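Note: the block below is coords_15.txt and it holds compact mmCIF, C-alpha atoms and all ligand atoms.
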# COMPACT_ATOMS: atom_id res chain seq x y z
CA MET N 153 11.78 5.85 -0.66
CA CYS N 154 14.24 7.12 -3.21
CA SER N 155 15.45 10.53 -4.26
CA ASP N 156 15.12 12.00 -7.73
CA PRO N 157 17.72 10.24 -9.92
CA ALA N 158 17.62 13.10 -12.42
CA ALA N 159 19.10 15.34 -9.74
CA GLU N 160 21.95 12.92 -9.08
CA LYS N 161 25.13 12.22 -10.95
CA GLN N 162 24.41 9.23 -13.21
CA PRO N 163 26.74 6.31 -14.00
CA PRO N 164 28.15 6.03 -17.55
CA PRO N 165 25.40 5.13 -20.09
CA ALA N 166 27.25 1.95 -21.12
CA THR N 167 26.83 0.40 -17.67
CA ARG N 168 23.46 1.74 -16.53
CA ALA N 169 20.43 -0.54 -17.08
CA ARG N 170 17.90 1.05 -19.46
CA ARG N 171 15.09 -0.09 -17.20
CA MET N 172 16.16 2.53 -14.67
CA ASP N 173 14.69 5.19 -16.99
CA SER N 174 11.24 3.73 -16.42
CA ILE N 175 11.48 3.33 -12.62
CA ARG N 176 9.95 6.46 -11.15
CA PRO N 177 10.99 8.20 -7.91
CA PHE N 178 8.50 9.30 -5.26
CA TYR N 179 7.66 12.91 -6.04
CA VAL N 180 6.51 13.49 -2.47
CA MET N 181 10.22 13.52 -1.60
CA GLU N 182 10.30 17.07 -2.94
CA VAL N 183 7.57 18.03 -0.45
CA LEU N 184 9.30 16.12 2.34
CA GLU N 185 12.69 17.68 1.72
CA ARG N 186 11.17 21.14 1.85
CA ALA N 187 9.22 20.16 5.00
CA PHE N 188 12.42 19.01 6.71
CA ALA N 189 14.16 22.25 5.70
CA LEU N 190 11.29 24.26 7.22
CA GLU N 191 11.49 22.21 10.39
CA ARG N 192 15.25 22.72 10.62
CA ALA N 193 14.54 26.45 10.38
CA GLY N 194 12.18 26.17 13.36
CA HIS N 195 8.79 25.95 11.58
CA PRO N 196 7.00 22.77 12.68
CA VAL N 197 5.09 21.02 9.89
CA ILE N 198 1.90 18.97 10.22
CA HIS N 199 2.71 15.86 8.20
CA LEU N 200 -0.31 14.59 6.29
CA GLU N 201 1.84 13.11 3.53
CA VAL N 202 2.88 10.08 5.57
CA GLY N 203 2.08 6.52 4.53
CA GLU N 204 2.42 4.81 7.87
CA PRO N 205 0.43 4.69 11.10
CA ASP N 206 1.42 7.21 13.78
CA PHE N 207 1.02 4.52 16.48
CA PRO N 208 3.96 2.55 17.87
CA THR N 209 4.25 -1.21 17.43
CA PRO N 210 2.10 -2.77 20.19
CA ALA N 211 4.14 -3.45 23.35
CA PRO N 212 3.74 -7.28 23.45
CA VAL N 213 5.06 -7.44 19.87
CA VAL N 214 8.07 -5.24 20.71
CA GLU N 215 8.77 -7.32 23.82
CA ALA N 216 8.69 -10.54 21.79
CA GLY N 217 11.15 -9.01 19.32
CA MET N 218 13.49 -7.99 22.15
CA ARG N 219 13.24 -11.47 23.70
CA ALA N 220 14.16 -12.99 20.35
CA LEU N 221 17.26 -10.80 20.14
CA ALA N 222 18.25 -11.58 23.75
CA GLU N 223 17.84 -15.31 23.08
CA GLY N 224 20.12 -15.09 20.07
CA ARG N 225 17.46 -15.67 17.44
CA THR N 226 19.48 -13.72 14.95
CA ARG N 227 20.25 -16.34 12.30
CA TYR N 228 18.64 -17.26 9.00
CA VAL N 229 15.49 -19.34 9.20
CA GLN N 230 13.37 -21.15 6.59
CA ALA N 231 13.01 -19.17 3.34
CA LEU N 232 9.22 -19.44 3.43
CA GLY N 233 9.06 -18.32 7.06
CA LEU N 234 8.96 -19.80 10.56
CA PRO N 235 6.46 -22.70 10.43
CA GLU N 236 4.64 -21.44 13.55
CA LEU N 237 4.24 -17.96 12.03
CA ARG N 238 2.97 -19.39 8.72
CA ALA N 239 0.43 -21.40 10.73
CA ALA N 240 -0.60 -18.35 12.78
CA ILE N 241 -1.11 -16.31 9.60
CA ALA N 242 -3.20 -19.09 8.03
CA ASP N 243 -5.27 -19.35 11.23
CA HIS N 244 -6.01 -15.63 11.39
CA TYR N 245 -8.19 -15.99 8.25
CA PRO N 246 -11.83 -16.86 8.88
CA GLN N 247 -12.66 -20.55 8.58
CA THR N 248 -14.64 -19.80 5.42
CA CYS N 249 -11.49 -18.90 3.45
CA ARG N 250 -8.63 -20.28 5.54
CA PRO N 251 -5.67 -21.28 3.33
CA HIS N 252 -3.47 -24.30 3.96
CA THR N 253 -0.34 -23.27 5.88
CA ASP N 254 1.81 -24.62 3.02
CA ARG N 255 0.56 -21.76 0.79
CA VAL N 256 1.55 -19.02 3.26
CA VAL N 257 4.89 -17.32 2.65
CA VAL N 258 6.46 -14.83 5.07
CA THR N 259 8.22 -12.00 3.24
CA PRO N 260 10.18 -8.80 3.91
CA GLY N 261 7.08 -6.59 3.88
CA SER N 262 4.40 -6.92 1.26
CA SER N 263 7.01 -5.22 -0.95
CA GLY N 264 8.96 -8.50 -0.76
CA ALA N 265 5.81 -10.46 -1.56
CA LEU N 266 5.06 -8.29 -4.61
CA GLN N 267 8.58 -8.82 -5.92
CA LEU N 268 8.08 -12.58 -5.59
CA VAL N 269 4.67 -12.51 -7.25
CA PHE N 270 5.77 -10.53 -10.27
CA GLY N 271 9.05 -12.48 -10.41
CA VAL N 272 7.24 -15.79 -10.81
CA LEU N 273 4.64 -14.37 -13.24
CA ILE N 274 6.23 -11.84 -15.57
CA ASP N 275 8.25 -12.40 -18.73
CA PRO N 276 9.61 -9.42 -20.64
CA GLY N 277 6.79 -7.78 -22.62
CA ASP N 278 3.97 -9.20 -20.47
CA GLU N 279 1.30 -6.70 -19.49
CA VAL N 280 -0.18 -6.25 -16.02
CA LEU N 281 -3.42 -4.29 -15.55
CA LEU N 282 -3.48 -1.85 -12.65
CA ALA N 283 -5.83 0.88 -11.43
CA ASP N 284 -4.79 4.52 -11.96
CA PRO N 285 -4.63 6.06 -9.36
CA GLY N 286 -2.88 3.29 -7.44
CA TYR N 287 0.15 2.42 -5.34
CA PRO N 288 3.09 3.42 -7.54
CA CYS N 289 5.59 0.70 -6.60
CA ASN N 290 3.47 -2.03 -8.18
CA ALA N 291 4.01 -0.61 -11.66
CA ASN N 292 7.72 -0.30 -10.91
CA PHE N 293 7.96 -3.93 -9.79
CA VAL N 294 6.37 -4.98 -13.08
CA ARG N 295 8.89 -2.83 -14.99
CA LEU N 296 11.76 -4.33 -12.99
CA TYR N 297 10.99 -7.71 -14.55
CA GLY N 298 10.64 -6.25 -18.05
CA GLY N 299 6.84 -6.25 -17.95
CA GLU N 300 4.57 -3.40 -18.97
CA PRO N 301 2.11 -1.95 -16.49
CA VAL N 302 -1.14 -0.93 -18.17
CA LEU N 303 -2.68 1.82 -16.07
CA ILE N 304 -6.48 1.84 -16.31
CA PRO N 305 -8.10 5.16 -15.36
CA VAL N 306 -10.63 4.67 -12.56
CA GLY N 307 -12.89 7.22 -10.93
CA PRO N 308 -15.66 7.63 -8.40
CA ASP N 309 -18.15 5.74 -10.62
CA THR N 310 -16.35 2.46 -9.76
CA ASP N 311 -15.14 3.57 -6.29
CA TYR N 312 -11.70 4.04 -7.91
CA GLN N 313 -11.49 0.26 -8.35
CA LEU N 314 -11.10 -1.98 -11.38
CA THR N 315 -14.19 -3.84 -12.53
CA ALA N 316 -14.63 -7.04 -14.51
CA ASP N 317 -15.75 -4.96 -17.51
CA LEU N 318 -12.76 -2.60 -17.36
CA ILE N 319 -10.46 -5.61 -17.19
CA ALA N 320 -12.10 -7.21 -20.23
CA GLN N 321 -11.90 -3.92 -22.17
CA HIS N 322 -8.15 -3.55 -21.54
CA TRP N 323 -7.21 -7.21 -21.99
CA SER N 324 -4.74 -7.92 -24.78
CA GLU N 325 -2.87 -10.95 -26.06
CA ARG N 326 0.02 -9.87 -23.89
CA THR N 327 -1.92 -9.46 -20.64
CA LYS N 328 -0.64 -11.81 -17.98
CA ALA N 329 -2.02 -10.50 -14.73
CA VAL N 330 -4.27 -8.01 -12.95
CA LEU N 331 -3.58 -6.34 -9.63
CA VAL N 332 -6.40 -5.13 -7.38
CA GLY N 333 -5.58 -3.12 -4.25
CA THR N 334 -8.34 -3.03 -1.64
CA PRO N 335 -8.59 -0.85 0.44
CA SER N 336 -6.76 1.28 -2.08
CA ASN N 337 -3.79 3.54 -1.58
CA PRO N 338 -4.38 6.47 -2.35
CA THR N 339 -8.21 6.48 -2.37
CA GLY N 340 -9.04 4.41 0.72
CA THR N 341 -11.87 2.76 -1.22
CA LEU N 342 -12.72 -0.95 -1.22
CA ILE N 343 -13.84 -3.11 -4.09
CA ASP N 344 -17.42 -4.28 -3.72
CA PRO N 345 -17.42 -8.01 -2.76
CA ILE N 346 -19.81 -8.88 -5.60
CA GLU N 347 -17.59 -7.06 -8.11
CA MET N 348 -14.57 -8.85 -6.66
CA ALA N 349 -16.22 -12.19 -7.39
CA HIS N 350 -16.90 -11.01 -10.98
CA VAL N 351 -13.30 -9.85 -11.35
CA THR N 352 -12.00 -13.20 -10.08
CA ALA N 353 -14.21 -15.12 -12.50
CA ARG N 354 -13.40 -12.85 -15.47
CA VAL N 355 -9.63 -13.04 -14.96
CA ALA N 356 -9.85 -16.83 -14.69
CA GLU N 357 -11.94 -16.98 -17.91
CA LEU N 358 -9.31 -14.86 -19.65
CA ARG N 359 -6.68 -17.29 -18.36
CA GLY N 360 -4.80 -14.56 -16.50
CA GLN N 361 -3.54 -14.34 -12.95
CA LEU N 362 -5.22 -12.21 -10.30
CA VAL N 363 -3.10 -10.59 -7.58
CA VAL N 364 -4.85 -8.84 -4.68
CA ASP N 365 -3.05 -6.41 -2.39
CA GLU N 366 -4.85 -6.63 0.97
CA ILE N 367 -2.22 -4.71 2.98
CA TYR N 368 -4.81 -2.32 4.48
CA HIS N 369 -7.27 -5.08 5.29
CA GLY N 370 -7.51 -4.62 9.05
CA LEU N 371 -8.26 -0.95 8.46
CA ALA N 372 -11.84 -0.90 7.18
CA TYR N 373 -14.50 1.33 8.74
CA GLY N 374 -17.69 -0.16 7.37
CA ASP N 375 -18.12 -3.89 6.86
CA PRO N 376 -14.84 -5.75 7.47
CA ALA N 377 -12.86 -6.18 4.26
CA ARG N 378 -13.44 -9.61 2.73
CA SER N 379 -10.35 -11.49 1.56
CA ALA N 380 -10.17 -12.53 -2.08
CA LEU N 381 -9.41 -16.01 -0.73
CA HIS N 382 -13.17 -16.33 -0.26
CA ASP N 383 -13.59 -16.37 -4.03
CA SER N 384 -10.69 -18.54 -5.12
CA ASP N 385 -7.59 -20.45 -4.07
CA GLU N 386 -6.00 -19.49 -7.38
CA VAL N 387 -5.33 -15.84 -6.57
CA PHE N 388 -2.18 -14.40 -5.06
CA VAL N 389 -3.11 -12.49 -1.90
CA VAL N 390 -0.52 -10.10 -0.49
CA ASN N 391 -0.66 -8.69 3.03
CA SER N 392 1.60 -7.18 5.66
CA PHE N 393 2.27 -6.53 9.32
CA SER N 394 3.13 -2.94 8.36
CA LYS N 395 -0.11 -0.98 8.56
CA TYR N 396 -2.85 -2.52 10.72
CA TYR N 397 -0.28 -4.18 13.00
CA GLY N 398 1.90 -1.04 13.17
CA MET N 399 5.17 -2.71 12.14
CA THR N 400 6.35 -0.75 9.08
CA GLY N 401 10.02 -0.61 10.09
CA TRP N 402 10.25 -4.30 11.00
CA ARG N 403 9.88 -5.18 7.31
CA ILE N 404 7.60 -8.16 7.52
CA GLY N 405 4.60 -9.19 5.47
CA TRP N 406 3.20 -12.28 3.80
CA MET N 407 1.42 -13.70 0.84
CA VAL N 408 -0.84 -16.62 0.14
CA ALA N 409 0.04 -18.20 -3.20
CA PRO N 410 -1.82 -20.70 -5.40
CA GLU N 411 -0.44 -24.18 -4.66
CA ALA N 412 0.95 -24.73 -8.16
CA PHE N 413 3.24 -21.69 -7.83
CA MET N 414 4.77 -22.70 -4.50
CA PRO N 415 7.92 -24.42 -5.89
CA ASP N 416 8.73 -21.29 -7.94
CA VAL N 417 7.93 -18.98 -5.03
CA ALA N 418 10.20 -21.04 -2.76
CA LYS N 419 13.08 -20.96 -5.28
CA LEU N 420 12.81 -17.23 -5.82
CA SER N 421 12.44 -16.32 -2.14
CA GLN N 422 15.56 -18.36 -1.27
CA ASN N 423 17.48 -16.44 -3.91
CA LEU N 424 16.07 -12.96 -3.29
CA PHE N 425 15.86 -12.90 0.48
CA ILE N 426 17.34 -16.13 1.97
CA SER N 427 14.83 -15.47 4.74
CA THR N 428 12.82 -12.68 6.35
CA SER N 429 14.27 -11.04 9.50
CA THR N 430 14.16 -13.66 12.28
CA PRO N 431 13.53 -11.25 15.21
CA ALA N 432 10.74 -9.61 13.20
CA GLN N 433 9.12 -13.02 12.66
CA CYS N 434 9.37 -13.85 16.38
CA ALA N 435 7.77 -10.48 17.15
CA ALA N 436 5.01 -10.89 14.56
CA LEU N 437 4.02 -14.21 16.14
CA HIS N 438 2.46 -12.09 18.90
CA ALA N 439 0.62 -9.75 16.54
CA PHE N 440 -2.46 -11.99 16.67
CA ASP N 441 -2.60 -12.15 20.50
CA THR N 442 -5.98 -11.11 21.88
CA GLU N 443 -4.60 -8.15 23.85
CA VAL N 444 -2.79 -6.91 20.73
CA ILE N 445 -5.87 -7.21 18.54
CA ASP N 446 -7.90 -5.35 21.21
CA GLU N 447 -5.38 -2.51 21.05
CA LEU N 448 -5.37 -2.52 17.25
CA GLU N 449 -9.15 -2.36 17.21
CA ARG N 450 -9.04 0.71 19.48
CA ARG N 451 -6.62 2.29 17.04
CA ARG N 452 -8.85 1.44 14.11
CA GLN N 453 -11.76 3.21 15.85
CA LEU N 454 -9.55 6.23 16.45
CA LEU N 455 -8.63 6.30 12.76
CA GLN N 456 -12.31 6.13 11.89
CA ARG N 457 -13.00 9.17 14.11
CA ARG N 458 -10.22 11.05 12.34
CA ARG N 459 -11.65 10.13 8.94
CA ASP N 460 -15.10 11.20 10.09
CA PHE N 461 -13.65 14.58 11.02
CA LEU N 462 -11.35 15.10 8.04
CA VAL N 463 -13.56 14.17 5.09
CA PRO N 464 -16.45 16.58 5.86
CA ALA N 465 -13.95 19.29 6.87
CA LEU N 466 -12.11 19.02 3.55
CA ARG N 467 -15.38 18.97 1.63
CA ASP N 468 -16.40 22.10 3.51
CA LEU N 469 -13.17 23.78 2.41
CA GLY N 470 -14.00 23.06 -1.23
CA PHE N 471 -12.14 19.82 -1.93
CA LYS N 472 -14.21 17.32 -3.88
CA ILE N 473 -14.32 13.83 -2.34
CA PRO N 474 -17.11 12.06 -4.21
CA VAL N 475 -16.71 8.69 -2.46
CA MET N 476 -16.36 8.32 1.30
CA PRO N 477 -13.13 6.33 1.82
CA GLN N 478 -13.96 3.15 3.70
CA GLY N 479 -10.48 2.01 4.65
CA ALA N 480 -6.72 2.62 5.04
CA PHE N 481 -5.92 6.17 6.28
CA TYR N 482 -6.04 8.20 3.10
CA VAL N 483 -8.31 10.74 1.47
CA TYR N 484 -7.81 11.31 -2.25
CA ALA N 485 -9.17 14.77 -2.81
CA ASP N 486 -9.93 16.63 -6.04
CA CYS N 487 -8.32 20.05 -5.60
CA SER N 488 -9.43 21.50 -8.98
CA ASN N 489 -11.41 24.24 -7.20
CA PHE N 490 -8.04 25.64 -6.15
CA SER N 491 -5.48 24.52 -8.72
CA ASP N 492 -4.91 22.42 -11.82
CA ASP N 493 -1.30 21.81 -10.81
CA SER N 494 -1.34 19.63 -7.70
CA ASP N 495 2.48 19.52 -7.51
CA ARG N 496 2.62 23.28 -7.15
CA PHE N 497 -0.44 23.31 -4.92
CA ALA N 498 1.17 20.84 -2.47
CA LEU N 499 4.34 22.92 -2.31
CA GLU N 500 2.36 26.16 -1.90
CA LEU N 501 0.31 24.67 0.94
CA LEU N 502 3.48 23.58 2.64
CA GLU N 503 5.08 26.98 2.26
CA HIS N 504 2.07 28.99 3.45
CA THR N 505 0.38 26.66 5.94
CA ARG N 506 3.13 24.23 7.02
CA VAL N 507 0.89 21.30 6.15
CA GLY N 508 2.48 18.51 4.10
CA ILE N 509 0.36 16.55 1.60
CA THR N 510 1.17 14.26 -1.34
CA PRO N 511 0.58 15.41 -4.92
CA GLY N 512 -1.47 13.11 -7.18
CA ARG N 513 1.49 12.52 -9.52
CA ASP N 514 2.80 9.86 -7.12
CA PHE N 515 -0.19 7.64 -7.86
CA GLY N 516 -0.47 7.60 -11.63
CA THR N 517 -1.22 9.78 -14.60
CA TYR N 518 -5.01 9.98 -14.72
CA ARG N 519 -6.16 13.46 -13.59
CA HIS N 520 -3.24 13.48 -11.19
CA HIS N 521 -2.78 17.25 -11.60
CA GLU N 522 -6.18 17.75 -9.99
CA HIS N 523 -5.67 15.49 -6.99
CA VAL N 524 -3.79 15.35 -3.73
CA ARG N 525 -3.66 12.72 -1.01
CA PHE N 526 -4.21 13.53 2.65
CA SER N 527 -3.15 10.95 5.22
CA TYR N 528 -4.95 10.96 8.56
CA ALA N 529 -2.22 9.00 10.30
CA ASN N 530 -1.89 11.98 12.62
CA THR N 531 -3.62 13.12 15.80
CA LEU N 532 -7.11 14.62 15.73
CA GLU N 533 -5.67 17.83 17.23
CA ASN N 534 -3.17 18.12 14.38
CA LEU N 535 -5.86 17.37 11.80
CA GLU N 536 -8.04 20.12 13.29
CA GLN N 537 -5.16 22.55 13.23
CA ALA N 538 -4.26 21.60 9.66
CA VAL N 539 -7.83 22.25 8.53
CA GLU N 540 -7.84 25.66 10.21
CA ARG N 541 -4.58 26.61 8.53
CA LEU N 542 -5.91 25.46 5.15
CA ARG N 543 -9.12 27.40 5.72
CA ALA N 544 -7.22 30.61 6.40
CA PHE N 545 -4.94 30.12 3.38
CA LEU N 546 -7.62 29.10 0.87
CA ALA N 547 -9.82 32.02 1.89
CA SER N 548 -6.97 34.50 1.38
C1 LIG R 1 -0.94 -0.43 -1.27
C2 LIG R 1 0.40 -0.76 -0.68
N1 LIG R 1 0.94 -1.95 -0.97
C3 LIG R 1 2.14 -2.29 -0.47
C4 LIG R 1 2.86 -1.42 0.34
C5 LIG R 1 4.19 -1.86 0.88
O1 LIG R 1 4.19 -2.02 2.26
P1 LIG R 1 5.14 -2.96 3.11
O2 LIG R 1 6.26 -3.40 2.22
O3 LIG R 1 5.58 -2.13 4.25
O4 LIG R 1 4.31 -4.13 3.55
C6 LIG R 1 2.33 -0.16 0.67
C7 LIG R 1 3.08 0.80 1.50
O5 LIG R 1 2.74 1.95 1.66
C8 LIG R 1 1.06 0.18 0.14
O6 LIG R 1 0.48 1.36 0.40

Write the structure described by the file as structure tokens, please.
Amino acid sequence: MCSDPAAEKQPPPATRARRMDSIRPFYVMEVLERAFALERAGHPVIHLEVGEPDFPTPAPVVEAGMRALAEGRTRYVQALGLPELRAAIADHYPQTCRPHTDRVVVTPGSSGALQLVFGVLIDPGDEVLLADPGYPCNANFVRLYGGEPVLIPVGPDTDYQLTADLIAQHWSERTKAVLVGTPSNPTGTLIDPIEMAHVTARVAELRGQLVVDEIYHGLAYGDPARSALHDSDEVFVVNSFSKYYGMTGWRIGWMVAPEAFMPDVAKLSQNLFISTSTPAQCAALHAFDTEVIDELERRRQLLQRRRDFLVPALRDLGFKIPVMPQGAFYVYADCSNFSDDSDRFALELLEHTRVGITPGRDFGTYRHHEHVRFSYANTLENLEQAVERLRAFLAS
């Protein structure tokens, strides 16, 4: 995360890249900084603004990482990843969509994968279609390469997801690619599998490139999320050990790339990263162990219980949540019953209730003033307490 550049001393205009004007900071930092100040002053805050699981990395994964360090596995490895990890990632996909190991690339988080994807796709001036609201870094990665993110407003009518029709409506001569995030950050909604097949077909017809961010895939509470690899081998699929596997700080993720792009992906990953952290790769090799998956499944069920508590409780308070989120650990709530300025609302809630939430502005421009994101990566007890504090404040 970065701090607000406007608040910092800036380098001389002659040396500063103009693109930096278009790269946006995380506005939740304002909430976080105030939260930390409150905590320093002795007022504990319930953090529902967080974007990472509250569970530790599973023990067998940590132990494998420590073994790797003790054995001196601290040097560079292959740019595309340890062969045995690439094979394990390929094998974790169901037989019906399993990619060839040669198309799997290990990356420093899915953030690394997204930088590779847009690096091999985007020329200056190219447009990329993205859902608004959506994960803000994707638009910034596009801008980094001189591309133009085109934010398409989405709402409850499409489960906050792009559709084949929306994509066709916003397609221009300059459109190069489309990014779909499912389950979505911030809405927790999944794209319907039939719509996903339509999207895949439509983007191919339009001769564009589809990129699918599946980073929250293990975290679905209805039917398991279905990988876009089921529909095509020509899509880029991005994923990560961060969320479901509880490894955010290890910085390790992956992507599956269409075969024809692999030489470019290899060149760029050598140059950008040399290789992904070796101890993190050795640790991640154990993320698919049966005992680890059993533990992760228990955690997923716990998250589902938290969602099942939080969504009705927030609705009862007067937040509008028209679509039940089916994945990730986020609730994107319409707060227009209380405020039409979600930035101020988030800061007010923090001040009066000591509950931290993320204002909608971090996720796009469409009706962002009327939305906030709650994360339920926190204990059920804390969620219950947060709801009680909100109830008291909103009734006052
Ligand atoms: C939708 C989405 N994509 C990608 C990322 C990047 O995650 P990482 O680089 O840790 O894999 C995040 C992190 O919050 C996210 O929410």

Could you give me, as a ChimeraX atom specification, the residues within 9 Å of Phe207 of chain N, counting only C-alpha atoms and dropping anything in the same chain fewer than 4 positions from it? /N:398,451,529-530

Writer output for current selection, C-alpha atoms, as an mmCIF file, keeping the file's coordinate frame:
data_model
loop_
_atom_site.group_PDB
_atom_site.id
_atom_site.type_symbol
_atom_site.label_atom_id
_atom_site.label_comp_id
_atom_site.auth_asym_id
_atom_site.auth_seq_id
_atom_site.Cartn_x
_atom_site.Cartn_y
_atom_site.Cartn_z
ATOM 1 C CA GLY N 398 1.900 -1.040 13.170
ATOM 2 C CA ARG N 451 -6.620 2.290 17.040
ATOM 3 C CA ALA N 529 -2.220 9.000 10.300
ATOM 4 C CA ASN N 530 -1.890 11.980 12.620
#

Ligand LIG 1 (chain R): axis-aligned bounding box, 8 Å on each side, centre and edge lengths in Å, one decimal, as lines of an AutoDock Vina configuration file:
center_x = 2.7
center_y = -1.1
center_z = 1.5
size_x = 23.2
size_y = 22.1
size_z = 21.5

Compile a residue-level contact table for chain N against ligand LIG 1 (chain R) at a cut-off of 6 Å, reporting for every qualifying residue the shortest atom pair and its distance in Å to one decimal, with only C-alpha atoms and all ligand atoms counted, rows ordered by chain and ascending number, as a tab-separated table.
residue	atom	partner	partner_atom	distance
N:Gly203	CA	R:LIG1	O5	5.4
N:Gly261	CA	R:LIG1	O2	3.7
N:Ser262	CA	R:LIG1	O4	3.6
N:Ser263	CA	R:LIG1	O2	3.7
N:Tyr287	CA	R:LIG1	C1	5.1
N:Asn337	CA	R:LIG1	C1	4.9
N:Ile367	CA	R:LIG1	N1	5.8
N:Ser392	CA	R:LIG1	O4	4.6
N:Ser394	CA	R:LIG1	O3	4.9
N:Thr400	CA	R:LIG1	O3	5.1
N:Gly405	CA	R:LIG1	O4	5.4

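For the atom pair formed by atom CA of Ala377 of chain N and atom CA of Met476 of chain N, the distance is 15.2 Å, given to one decimal.
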
Give me the residues within 12 Å of Ala265 of chain N as a PyMOL selection string, counting all atoms listed in the file and dropping any in the same chain fewer than 6 places off. chain N and resi 232+256-259+271-272+290+293+363-367+388-392+403-409+417-418+420-421+424-425+428

Restricted to C-alpha atoms, what would the selected residues look like written as a JSON list (two decimals), in the frame of the given file?
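After the write, result-v1.json holds the following:
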[["chain", "number", "residue", "atom", "x", "y", "z"],
["N", 232, "LEU", "CA", 9.22, -19.44, 3.43],
["N", 256, "VAL", "CA", 1.55, -19.02, 3.26],
["N", 257, "VAL", "CA", 4.89, -17.32, 2.65],
["N", 258, "VAL", "CA", 6.46, -14.83, 5.07],
["N", 259, "THR", "CA", 8.22, -12.00, 3.24],
["N", 271, "GLY", "CA", 9.05, -12.48, -10.41],
["N", 272, "VAL", "CA", 7.24, -15.79, -10.81],
["N", 290, "ASN", "CA", 3.47, -2.03, -8.18],
["N", 293, "PHE", "CA", 7.96, -3.93, -9.79],
["N", 363, "VAL", "CA", -3.10, -10.59, -7.58],
["N", 364, "VAL", "CA", -4.85, -8.84, -4.68],
["N", 365, "ASP", "CA", -3.05, -6.41, -2.39],
["N", 366, "GLU", "CA", -4.85, -6.63, 0.97],
["N", 367, "ILE", "CA", -2.22, -4.71, 2.98],
["N", 388, "PHE", "CA", -2.18, -14.40, -5.06],
["N", 389, "VAL", "CA", -3.11, -12.49, -1.90],
["N", 390, "VAL", "CA", -0.52, -10.10, -0.49],
["N", 391, "ASN", "CA", -0.66, -8.69, 3.03],
["N", 392, "SER", "CA", 1.60, -7.18, 5.66],
["N", 403, "ARG", "CA", 9.88, -5.18, 7.31],
["N", 404, "ILE", "CA", 7.60, -8.16, 7.52],
["N", 405, "GLY", "CA", 4.60, -9.19, 5.47],
["N", 406, "TRP", "CA", 3.20, -12.28, 3.80],
["N", 407, "MET", "CA", 1.42, -13.70, 0.84],
["N", 408, "VAL", "CA", -0.84, -16.62, 0.14],
["N", 409, "ALA", "CA", 0.04, -18.20, -3.20],
["N", 417, "VAL", "CA", 7.93, -18.98, -5.03],
["N", 418, "ALA", "CA", 10.20, -21.04, -2.76],
["N", 420, "LEU", "CA", 12.81, -17.23, -5.82],
["N", 421, "SER", "CA", 12.44, -16.32, -2.14],
["N", 424, "LEU", "CA", 16.07, -12.96, -3.29],
["N", 425, "PHE", "CA", 15.86, -12.90, 0.48],
["N", 428, "THR", "CA", 12.82, -12.68, 6.35]]

May I have the residues at most 10 Å from (-15.3, -7.8, -6.2) in the file's coordinates, counting only C-alpha atoms, as a PDB file with C-alpha atoms, keeping the file's coordinate frame?
ATOM      1  CA  GLN N 313     -11.490   0.260  -8.350  1.00  0.00           C
ATOM      2  CA  LEU N 314     -11.100  -1.980 -11.380  1.00  0.00           C
ATOM      3  CA  THR N 315     -14.190  -3.840 -12.530  1.00  0.00           C
ATOM      4  CA  ALA N 316     -14.630  -7.040 -14.510  1.00  0.00           C
ATOM      5  CA  VAL N 332      -6.400  -5.130  -7.380  1.00  0.00           C
ATOM      6  CA  THR N 334      -8.340  -3.030  -1.640  1.00  0.00           C
ATOM      7  CA  LEU N 342     -12.720  -0.950  -1.220  1.00  0.00           C
ATOM      8  CA  ILE N 343     -13.840  -3.110  -4.090  1.00  0.00           C
ATOM      9  CA  ASP N 344     -17.420  -4.280  -3.720  1.00  0.00           C
ATOM     10  CA  PRO N 345     -17.420  -8.010  -2.760  1.00  0.00           C
ATOM     11  CA  ILE N 346     -19.810  -8.880  -5.600  1.00  0.00           C
ATOM     12  CA  GLU N 347     -17.590  -7.060  -8.110  1.00  0.00           C
ATOM     13  CA  MET N 348     -14.570  -8.850  -6.660  1.00  0.00           C
ATOM     14  CA  ALA N 349     -16.220 -12.190  -7.390  1.00  0.00           C
ATOM     15  CA  HIS N 350     -16.900 -11.010 -10.980  1.00  0.00           C
ATOM     16  CA  VAL N 351     -13.300  -9.850 -11.350  1.00  0.00           C
ATOM     17  CA  THR N 352     -12.000 -13.200 -10.080  1.00  0.00           C
ATOM     18  CA  ALA N 353     -14.210 -15.120 -12.500  1.00  0.00           C
ATOM     19  CA  ARG N 378     -13.440  -9.610   2.730  1.00  0.00           C
ATOM     20  CA  SER N 379     -10.350 -11.490   1.560  1.00  0.00           C
ATOM     21  CA  ALA N 380     -10.170 -12.530  -2.080  1.00  0.00           C
ATOM     22  CA  ASP N 383     -13.590 -16.370  -4.030  1.00  0.00           C
TER      23      ASP N 383
END

Restricting the calculation to only C-alpha atoms: of N:Ala231, N:Thr327, N:Asp375, N:Pro431, which residue gets closest to Pro415 of chain N? N:Ala231

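Distance annotation: of N:Gly401, N:Glu522, N:Ile274, N:Cys434, the residue with the minimal separation from Glu223 of chain N is N:Cys434; atom set is all atoms listed in the file.
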
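The interatomic distance for the pair atom CA of Tyr518 of chain N and atom CA of Phe545 of chain N works out to 27.1 Å.
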
Exercise: residues within 12 Å of coordinate (-4.8, 15.6, 17.9), counting only C-alpha atoms, as a PyMOL selection string: chain N and resi 198+206+454-455+457-458+461-462+528-539

Close residues, segment 492-495 of chain N itself excluded, 7 Å, all atoms listed in the file, min 6 positions apart in chain, as number ranges by chain: N: 511-512, 521-524

Contacts of Ala320 of chain N at 10 Å or less, counting all atoms listed in the file, minus same-chain residues fewer than 2 places along, as an MDAnalysis selection string? chainID N and resid 315:318 322:324 351 354:355 358
